[in-house]
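Structure file final-v8.cif (mmCIF, C-alpha atoms) follows.
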```
data_run
#
loop_
_atom_site.label_atom_id
_atom_site.label_comp_id
_atom_site.auth_asym_id
_atom_site.auth_seq_id
_atom_site.Cartn_x
_atom_site.Cartn_y
_atom_site.Cartn_z
CA MET H 157 8.92 25.61 29.84
CA SER H 158 10.89 25.67 26.59
CA THR H 159 12.46 22.63 24.97
CA GLY H 160 16.00 21.63 24.17
CA ARG H 161 17.52 22.93 20.96
CA LEU H 162 18.93 20.51 18.39
CA THR H 163 21.14 22.17 15.78
CA ILE H 164 21.60 20.16 12.57
CA ASP H 165 24.39 20.99 10.13
CA LEU H 166 23.47 19.60 6.71
CA ASP H 167 26.70 20.95 5.21
CA ALA H 168 28.54 18.60 7.59
CA VAL H 169 26.40 15.63 6.47
CA VAL H 170 27.15 16.39 2.83
CA ALA H 171 30.84 16.93 3.54
CA ASN H 172 31.02 13.58 5.31
CA TRP H 173 29.33 11.82 2.38
CA ARG H 174 31.73 13.43 -0.07
CA ALA H 175 34.75 12.51 2.05
CA LEU H 176 33.65 8.87 2.33
CA ASP H 177 32.83 8.79 -1.38
CA ALA H 178 36.32 10.08 -2.17
CA MET H 179 37.84 7.09 -0.35
CA THR H 180 36.42 4.69 -2.95
CA ASN H 181 36.42 4.11 -6.68
CA CYS H 182 32.84 2.92 -6.73
CA LYS H 183 29.34 4.31 -6.26
CA THR H 184 28.37 5.61 -2.83
CA ALA H 185 24.82 5.41 -1.57
CA ALA H 186 23.46 6.83 1.70
CA VAL H 187 21.68 5.12 4.58
CA ILE H 188 18.87 7.26 5.99
CA LYS H 189 17.01 4.69 8.08
CA ALA H 190 15.68 5.42 11.59
CA ASN H 191 14.59 8.90 10.52
CA GLY H 192 18.01 9.76 9.16
CA TYR H 193 19.72 8.51 12.35
CA GLY H 194 17.57 10.96 14.29
CA LEU H 195 18.33 14.05 12.20
CA GLY H 196 15.24 13.83 9.99
CA ALA H 197 15.20 11.51 6.99
CA VAL H 198 13.51 13.91 4.59
CA THR H 199 15.79 16.79 5.54
CA VAL H 200 18.92 14.66 5.16
CA ALA H 201 17.75 13.01 1.94
CA LYS H 202 17.01 16.38 0.30
CA ALA H 203 20.50 17.66 1.10
CA LEU H 204 22.21 14.49 -0.10
CA PHE H 205 20.11 14.29 -3.25
CA LYS H 206 21.11 17.86 -4.07
CA ALA H 207 24.74 16.79 -3.56
CA GLY H 208 24.37 13.97 -6.06
CA VAL H 209 23.22 10.92 -4.11
CA ARG H 210 20.87 8.81 -6.19
CA GLN H 211 20.64 5.63 -4.13
CA PHE H 212 19.28 5.48 -0.58
CA PHE H 213 18.74 2.68 1.92
CA VAL H 214 16.02 2.45 4.56
CA ALA H 215 15.27 -0.29 7.06
CA VAL H 216 11.61 -0.93 6.27
CA ALA H 217 9.23 0.01 3.49
CA GLU H 218 7.27 2.49 5.63
CA GLU H 219 10.37 4.65 6.04
CA ALA H 220 10.51 5.22 2.28
CA ALA H 221 7.12 6.91 1.90
CA PRO H 222 8.08 10.46 2.95
CA ILE H 223 11.35 10.22 1.01
CA ARG H 224 9.58 9.25 -2.18
CA ALA H 225 6.96 11.95 -1.65
CA GLU H 226 9.66 14.59 -1.27
CA LEU H 227 12.16 13.51 -3.92
CA GLY H 228 9.90 11.97 -6.52
CA PRO H 229 10.75 9.02 -8.76
CA ARG H 230 14.41 9.69 -9.48
CA PRO H 231 16.32 8.16 -6.54
CA GLU H 232 16.49 4.41 -6.01
CA ILE H 233 15.26 3.53 -2.52
CA ASN H 234 16.40 0.14 -1.22
CA VAL H 235 14.77 -1.67 1.72
CA PHE H 236 17.08 -3.72 3.95
CA SER H 237 14.28 -5.82 5.47
CA GLY H 238 13.28 -7.10 2.07
CA HIS H 239 9.75 -7.99 1.00
CA MET H 240 7.41 -9.07 3.78
CA LYS H 241 3.86 -10.06 2.93
CA GLY H 242 2.38 -6.77 4.07
CA ASP H 243 4.91 -4.73 2.11
CA THR H 244 3.73 -5.54 -1.41
CA PRO H 245 1.53 -2.45 -1.99
CA ALA H 246 4.22 -0.06 -0.73
CA ILE H 247 6.98 -1.72 -2.72
CA ARG H 248 4.85 -1.54 -5.85
CA ASP H 249 3.33 1.91 -5.42
CA LEU H 250 6.51 3.62 -4.15
CA ASN H 251 8.75 1.74 -6.58
CA LEU H 252 11.04 0.43 -3.86
CA THR H 253 13.83 -2.10 -4.29
CA PRO H 254 13.71 -4.74 -1.54
CA MET H 255 16.85 -6.61 -0.56
CA LEU H 256 15.43 -10.15 -0.44
CA ASN H 257 16.72 -12.03 2.59
CA SER H 258 15.33 -15.56 2.38
CA VAL H 259 14.08 -18.19 -0.01
CA GLU H 260 10.57 -17.34 1.17
CA GLN H 261 11.05 -13.66 0.34
CA VAL H 262 12.45 -14.50 -3.08
CA THR H 263 9.47 -16.72 -3.83
CA HIS H 264 6.98 -14.15 -2.53
CA HIS H 265 8.53 -11.33 -4.54
CA PHE H 266 8.60 -13.27 -7.79
CA GLU H 267 4.98 -14.37 -7.32
CA THR H 268 3.48 -11.04 -6.28
CA LEU H 269 5.59 -8.52 -8.20
CA PRO H 270 7.08 -10.30 -11.22
CA GLY H 271 9.53 -8.09 -13.06
CA HIS H 272 9.77 -5.58 -10.20
CA PRO H 273 13.33 -4.54 -9.19
CA PHE H 274 14.94 -6.37 -6.28
CA GLY H 275 18.30 -7.05 -4.69
CA ILE H 276 19.64 -10.04 -2.78
CA GLN H 277 21.17 -10.00 0.69
CA LEU H 278 23.56 -12.80 1.62
CA ASP H 279 24.62 -13.99 5.05
CA THR H 280 28.41 -14.15 5.15
CA GLY H 281 28.63 -14.98 8.84
CA MET H 282 26.65 -12.43 10.84
CA ASN H 283 23.64 -14.77 11.15
CA ARG H 284 21.11 -11.98 11.15
CA LEU H 285 19.64 -11.39 7.68
CA GLY H 286 20.34 -12.92 4.30
CA LEU H 287 20.54 -16.17 2.38
CA GLU H 288 23.02 -18.65 3.77
CA MET H 289 25.65 -20.20 1.54
CA GLN H 290 23.70 -23.40 0.84
CA GLU H 291 20.47 -21.52 0.17
CA TRP H 292 22.20 -19.16 -2.22
CA ALA H 293 23.83 -22.05 -4.06
CA ALA H 294 20.42 -23.61 -4.54
CA ILE H 295 18.63 -20.56 -5.97
CA ALA H 296 21.43 -18.35 -7.35
CA GLY H 297 20.78 -19.36 -10.96
CA LEU H 298 17.07 -18.62 -10.71
CA ALA H 299 17.60 -15.33 -8.88
CA LEU H 300 20.34 -14.07 -11.18
CA ASP H 301 18.21 -14.85 -14.23
CA GLN H 302 15.73 -12.26 -12.93
CA ASN H 303 18.36 -9.49 -13.08
CA PRO H 304 18.73 -8.28 -9.49
CA THR H 305 20.01 -4.74 -9.09
CA LEU H 306 22.45 -5.62 -6.28
CA VAL H 307 23.89 -8.51 -4.30
CA MET H 308 24.98 -7.41 -0.84
CA SER H 309 26.07 -8.55 2.60
CA HIS H 310 26.86 -6.81 5.86
CA LEU H 311 29.97 -6.82 8.04
CA ALA H 312 29.54 -7.66 11.72
CA CYS H 313 32.80 -6.24 13.10
CA ALA H 314 33.88 -3.52 10.67
CA ASP H 315 34.30 -1.02 13.52
CA GLU H 316 37.19 -3.20 14.75
CA PRO H 317 39.72 -3.11 11.88
CA ASP H 318 41.83 -6.00 13.18
CA HIS H 319 38.93 -8.32 13.97
CA PRO H 320 39.32 -11.70 12.21
CA MET H 321 35.63 -11.65 11.30
CA ASN H 322 36.32 -9.01 8.65
CA PRO H 323 38.58 -11.10 6.36
CA HIS H 324 36.40 -14.15 7.11
CA GLN H 325 33.29 -12.42 5.80
CA LEU H 326 35.21 -10.94 2.88
CA ALA H 327 36.37 -14.41 1.85
CA ASN H 328 32.83 -15.76 2.15
CA PHE H 329 31.46 -12.91 0.06
CA HIS H 330 34.00 -13.64 -2.65
CA MET H 331 33.17 -17.34 -2.50
CA MET H 332 29.47 -16.64 -2.88
CA THR H 333 29.60 -13.90 -5.52
CA ASP H 334 32.78 -14.03 -7.61
CA GLY H 335 31.93 -14.42 -11.27
CA ILE H 336 28.48 -12.84 -11.19
CA SER H 337 27.81 -9.75 -13.29
CA VAL H 338 25.48 -8.08 -10.77
CA PRO H 339 26.82 -5.09 -8.78
CA ARG H 340 28.01 -6.09 -5.31
CA SER H 341 28.07 -4.29 -1.96
CA LEU H 342 29.65 -5.33 1.33
CA SER H 343 30.53 -2.14 3.18
CA ALA H 344 28.84 0.46 5.30
CA THR H 345 30.94 3.17 7.00
CA GLY H 346 33.28 0.79 8.81
CA GLY H 347 33.87 -1.28 5.70
CA ILE H 348 34.81 1.81 3.71
CA LEU H 349 37.52 2.51 6.28
CA LEU H 350 38.85 -1.06 6.01
CA GLY H 351 40.17 -0.36 2.53
CA PRO H 352 39.47 -0.89 -1.17
CA GLU H 353 39.26 -4.68 -1.06
CA TYR H 354 35.99 -4.25 0.86
CA HIS H 355 34.43 -1.66 -1.46
CA PHE H 356 33.25 -3.69 -4.50
CA ASP H 357 30.72 -1.76 -6.66
CA LEU H 358 28.72 0.16 -4.07
CA THR H 359 29.24 1.33 -0.49
CA ARG H 360 26.49 2.25 1.95
CA PRO H 361 27.70 4.77 4.56
CA GLY H 362 25.29 5.40 7.42
CA ILE H 363 26.65 6.53 10.78
CA GLY H 364 29.66 8.19 9.15
CA LEU H 365 27.39 10.68 7.42
CA TYR H 366 26.32 12.01 10.79
CA GLY H 367 29.77 12.64 12.24
CA ALA H 368 30.07 9.69 14.59
CA GLU H 369 32.41 6.73 15.08
CA PRO H 370 33.84 4.68 13.50
CA TYR H 371 34.42 7.64 11.17
CA ALA H 372 36.15 9.60 13.92
CA GLN H 373 37.60 12.16 11.49
CA GLY H 374 34.15 13.12 10.24
CA THR H 375 32.59 16.52 10.83
CA PRO H 376 30.07 16.58 13.71
CA ALA H 377 26.59 17.12 12.33
CA ILE H 378 24.65 18.09 15.46
CA ALA H 379 24.79 20.17 18.61
CA LEU H 380 22.39 19.81 21.51
CA GLU H 381 21.67 22.22 24.36
CA PHE H 382 19.00 22.50 27.02
CA PRO H 383 17.45 25.61 28.62
CA VAL H 384 17.77 26.20 32.34
CA VAL H 385 14.30 26.35 33.92
CA GLN H 386 15.28 27.08 37.50
CA ILE H 387 18.37 27.44 39.70
CA ARG H 388 18.32 26.80 43.41
CA ASP H 389 20.72 26.68 46.34
CA VAL H 390 21.06 23.28 47.98
CA ALA H 391 22.56 23.01 51.45
CA GLN H 392 25.19 20.44 52.36
CA GLY H 393 23.43 17.17 53.14
CA GLU H 394 20.32 17.88 51.07
CA VAL H 395 19.29 15.51 48.26
CA VAL H 396 18.29 16.07 44.65
CA GLY H 397 15.97 14.14 42.34
CA TYR H 398 14.14 10.83 42.39
CA GLY H 399 15.26 8.23 44.88
CA ASN H 400 17.53 10.70 46.73
CA SER H 401 20.31 9.32 44.53
CA TRP H 402 22.53 12.41 44.94
CA GLN H 403 23.37 14.18 48.18
CA ALA H 404 25.23 17.47 48.31
CA GLU H 405 28.65 17.22 49.95
CA ARG H 406 28.97 21.01 49.99
CA PRO H 407 26.65 24.00 49.62
CA SER H 408 25.69 23.73 45.94
CA ARG H 409 23.96 25.61 43.18
CA ILE H 410 21.76 23.26 41.13
CA ALA H 411 20.30 24.07 37.71
CA THR H 412 17.17 22.23 36.58
CA ILE H 413 17.17 21.90 32.79
CA SER H 414 14.35 21.04 30.40
CA GLY H 415 15.04 17.60 28.93
CA GLY H 416 15.05 13.97 29.91
CA TYR H 417 14.57 10.42 28.76
CA ALA H 418 11.46 11.45 26.78
CA ASP H 419 13.93 13.41 24.64
CA GLY H 420 16.31 10.49 24.21
CA ILE H 421 18.67 11.28 27.09
CA ILE H 422 18.84 7.73 28.38
CA ARG H 423 18.65 6.97 32.11
CA SER H 424 22.06 5.33 32.21
CA LEU H 425 23.47 8.87 32.01
CA SER H 426 22.15 9.50 35.54
CA ASP H 427 24.97 10.83 37.73
CA ARG H 428 27.35 10.39 34.75
CA ALA H 429 26.60 12.96 32.09
CA ILE H 430 28.67 16.10 31.73
CA PHE H 431 27.15 19.31 30.39
CA TYR H 432 29.11 22.35 29.26
CA HIS H 433 28.73 26.06 29.80
CA GLY H 434 31.21 27.38 27.29
CA LYS H 435 34.31 25.33 27.99
CA THR H 436 33.44 24.61 31.62
CA PRO H 437 32.15 21.11 32.45
CA CYS H 438 29.21 20.73 34.82
CA LYS H 439 28.14 17.36 36.18
CA LEU H 440 24.63 15.97 36.00
CA VAL H 441 23.59 15.07 39.55
CA GLY H 442 20.80 12.69 40.39
CA ARG H 443 18.67 10.73 37.98
CA VAL H 444 17.63 11.59 34.46
CA SER H 445 13.84 11.88 34.68
CA MET H 446 11.27 12.05 31.90
CA ASP H 447 11.33 15.80 31.34
CA LEU H 448 13.98 17.25 33.63
CA MET H 449 17.61 16.90 34.67
CA THR H 450 19.60 18.56 37.44
CA VAL H 451 23.13 19.84 36.96
CA ASP H 452 25.67 21.12 39.47
CA VAL H 453 26.65 24.64 38.38
CA THR H 454 28.25 25.65 41.69
CA ASP H 455 31.64 26.40 40.14
CA LEU H 456 30.37 28.62 37.33
CA PRO H 457 31.05 32.35 37.72
CA GLU H 458 27.52 33.15 36.55
CA ASP H 459 24.15 31.45 36.34
CA PRO H 460 23.74 29.82 32.93
CA LYS H 461 20.69 30.24 30.71
CA ALA H 462 21.43 26.98 28.86
CA LEU H 463 23.77 24.01 29.10
CA SER H 464 25.17 21.96 26.20
CA LEU H 465 25.44 18.18 26.01
CA ILE H 466 26.73 17.68 22.46
CA CYS H 467 29.05 20.48 21.40
CA ALA H 468 32.62 21.30 20.39
CA GLU H 469 33.86 20.10 23.79
CA GLN H 470 31.98 16.78 23.75
CA SER H 471 30.95 14.59 20.83
CA VAL H 472 27.98 12.26 20.61
CA ASP H 473 30.41 9.36 21.05
CA ASP H 474 31.85 10.93 24.22
CA VAL H 475 28.34 11.08 25.65
CA ALA H 476 27.63 7.53 24.51
CA ARG H 477 30.70 6.20 26.30
CA ARG H 478 29.52 7.79 29.54
CA ALA H 479 26.17 6.08 29.04
CA GLY H 480 27.78 2.71 28.31
CA THR H 481 26.39 2.61 24.78
CA ILE H 482 27.24 3.77 21.23
CA GLY H 483 26.61 6.91 19.24
CA TYR H 484 24.12 5.08 17.04
CA GLU H 485 21.74 4.65 19.97
CA LEU H 486 21.94 8.24 21.16
CA LEU H 487 21.37 9.65 17.69
CA THR H 488 18.44 7.41 16.85
CA GLN H 489 16.81 8.15 20.23
CA LEU H 490 16.71 11.92 19.66
CA GLY H 491 13.18 12.93 20.63
CA GLY H 492 10.52 14.89 18.84
CA ARG H 493 10.21 17.78 21.30
CA TYR H 494 13.41 19.58 20.35
CA THR H 495 13.37 22.93 18.64
CA ARG H 496 15.32 22.04 15.52
CA ARG H 497 17.58 24.61 13.90
CA ILE H 498 18.77 23.40 10.51
CA TYR H 499 21.71 24.93 8.68
CA GLY H 500 23.15 24.19 5.29
CA LYS H 501 21.86 22.65 2.10
#
```

For the file at hand, write its structure as structure tokens.
Amino acid sequence: MSTGRLTIDLDAVVANWRALDAMTNCKTAAVIKANGYGLGAVTVAKALFKAGVRQFFVAVAEEAAPIRAELGPRPEINVFSGHMKGDTPAIRDLNLTPMLNSVEQVTHHFETLPGHPFGIQLDTGMNRLGLEMQEWAAIAGLALDQNPTLVMSHLACADEPDHPMNPHQLANFHMMTDGISVPRSLSATGGILLGPEYHFDLTRPGIGLYGAEPYAQGTPAIALEFPVVQIRDVAQGEVVGYGNSWQAERPSRIATISGGYADGIIRSLSDRAIFYHGKTPCKLVGRVSMDLMTVDVTDLPEDPKALSLICAEQSVDDVARRAGTIGYELLTQLGGRYTRRIYGK
């Protein structure tokens, strides 16, 4: 049994970075956490570094190791989760820049790695990571005296341009940072699209690099298709898959394809997903199982050898909507069994 084929277009990733960079008058970094949103962090980082990116963001220190090994000392690699107690050797040896998120992290960093680069993350209303307003007021003088590389925050509702949380967080960020000389950053992809008042000195596009919403005008960066393992005739009234969840209402031709939730095709797509053979849609019938899915190909003029899930006819966000989730989740769940074909830089 062969595996699904994941096609990755690095030229699209680079084009999306350049387009987002062109929307601003500041520096533009790149977020490559979660294995480059499922595309492969090292592969994506190499292409973006060649295109001129010199500042990357990862979620945790461990994610930085293969990037540093591949790209060497030149790029700055920032760690969103900051400096946890177990991170000290990696932060030191890989020369990472943690975004310190609490008074405890600030204290730990200054005690264990004095003089080592760091940034500060502020909480402007999301209540997830970062120093709150009172905490920042108490330690800002001490922290700023140690020359942080960046002071940042993160928008909670940037994918909804008219959400009142956006100007609320912007006002809080100004209140907490106006007058400092350290570079500031507030915006990921959604914030870039909100306009220049949200850009400050550095933006951090993530999902937009990979051709997904909220950057709807971006170039899709992946395609995903699955090989057909077997095709069978199913009589009216017969059932298909686990739990007998689908019953044929007519004589049907059912294709079993190689792929399932072990490959990141989440179970909520059961009886909902649409696959394509060329421009013709074919419905997934029955449940998504670990390794296999079943698709109704009755109306095709010929038996297919493969069926596409993410393609010109259907974006990752289209699939996500059918699953009741977002493109971020589908991308970051892409499994390790795919045959990966990489084009571009």

(request) Translate the PyMOL selection byres ((chain H and resi 421) around 10), as applied to the file shown, into an explicit residue set as a ChimeraX atom specification. (result) /H:415-420,422-426,429,444-447,449,465,475,479,486-487,489-491

(request) Would you mind telling me which residue in H:Ala178, H:Ala391, H:Ala171, H:Val214 lies nearest to Tyr193 (chain H) when using all atoms listed in the file? (result)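 Residue with the minimum atom-to-atom distance to Tyr193 (chain H): H:Val214.
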
(request) Tell me which of H:Met179, H:Leu278, H:Val216, H:Cys467 sits closest to Val307 (chain H), counting only C-alpha atoms. (result)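 Result for the nearest residue to Val307 (chain H): H:Leu278.
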
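Here CA of Glu226 (chain H) stands at a distance of 24.5 Å from CA of Leu269 (chain H).
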
(message) Need to verify the contact set: Leu250 (chain H), 9 Å, all atoms listed in the file, exclusion of same-chain residues closer than 2 positions in sequence. Can you return it as number ranges by chain?
(response) H: 217, 220-221, 224-225, 229, 233, 245-248, 252

(request) Counting only C-alpha atoms, find the residues whose atoms lie at most 10 Å from (17.0, 13.9, 10.2) (file coordinates) and write them out as a list of chain:residue names. (result) H:Ile164, H:Leu166, H:Ile188, H:Lys189, H:Ala190, H:Asn191, H:Gly192, H:Tyr193, H:Gly194, H:Leu195, H:Gly196, H:Ala197, H:Val198, H:Thr199, H:Val200, H:Ala201, H:Tyr366, H:Leu487, H:Thr488, H:Leu490, H:Arg496, H:Ile498

(request) Apply the PyMOL selection byres ((chain H and resi 353-364) around 8) to the structure shown and report the selected residues as a VMD selection string. (result) chain H and resid 172 to 173 176 180 182 to 188 193 213 326 339 to 345 347 to 348 350 to 352 365 to 371 374 484

(request) Please identify all polymer residues lying at most 10 Å from the point (30.1, 21.1, 49.2) (file coordinates), using only C-alpha atoms, and present the result as a ChimeraX atom specification. (result) /H:390-393,403-409,454

(message) I'd like to know which of H:Ser158, H:Asp243, H:Pro323, H:Asn234 is closest to Gln386 (chain H), using all atoms listed in the file.
(response)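 Closest candidate: H:Ser158.
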
First collect every listed atom of region 374-377 of chain H; then fit an axis-aligned box around them, widen it by 4 Å on each side, and give centre and edge lengths in Å to one decimal, as AutoDock Vina command-line options.
```
--center_x 30.4 --center_y 15.1 --center_z 12.0 --size_x 15.6 --size_y 12.0 --size_z 11.5
```

(message) Which residues are close to Ser401 (chain H), i.e. within 9 Å by only C-alpha atoms, leaving aside same-chain residues fewer than 4 positions away? Reply as a count of residues only.
(response) 7

(message) Could you check the closest approach to Ser309 (chain H) for each of H:Thr268, H:Asn283, H:Gln261, H:Thr244 and tell me which residue wins, using only C-alpha atoms?
(response) H:Asn283

(message) When the PyMOL selection byres ((chain H and resi 203) around 9) is applied to the structure above, which residues does it catch, written out as a ChimeraX atom specification?
(response) /H:166-167,169-170,198-202,204-209,500-501

(request) In Å, rounded to a single decimal, give me how far CA of Asn257 (chain H) is from CA of Leu285 (chain H). (result)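 Value for the CA of Leu285 (chain H)-CA of Asn257 (chain H) distance: 5.9 Å.
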
(message) Residues near Gly275 (chain H), anyone? I mean within 8 Å using all atoms listed in the file, not counting same-chain ones fewer than 4 positions away, as a PyMOL selection string.
(response) chain H and resi 253-256+304-308

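Checking H:Val385, H:Ala215, H:Ala468, H:Leu380 one by one against Val235 (chain H), counting all atoms listed in the file, you find the shortest gap at H:Ala215.
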
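Taking CA of Leu349 (chain H) and CA of Asn322 (chain H) as the two end points, the separation is 11.8 Å.
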
(request) Tell me which protein, DNA and RNA residues are within 10 Å of Asp279 (chain H), counting all atoms listed in the file, leaving out same-chain ones fewer than 6 positions away, and put them as a list in words. (result)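 Close residues of Asp279 (chain H): Asn257, Ser258, Leu285, Gly286, Leu287, Glu288, Met289, Glu291, Trp292, Met308, Ser309, His310, Leu311, Gln325, Asn328, Phe329 and Met332 of chain H.
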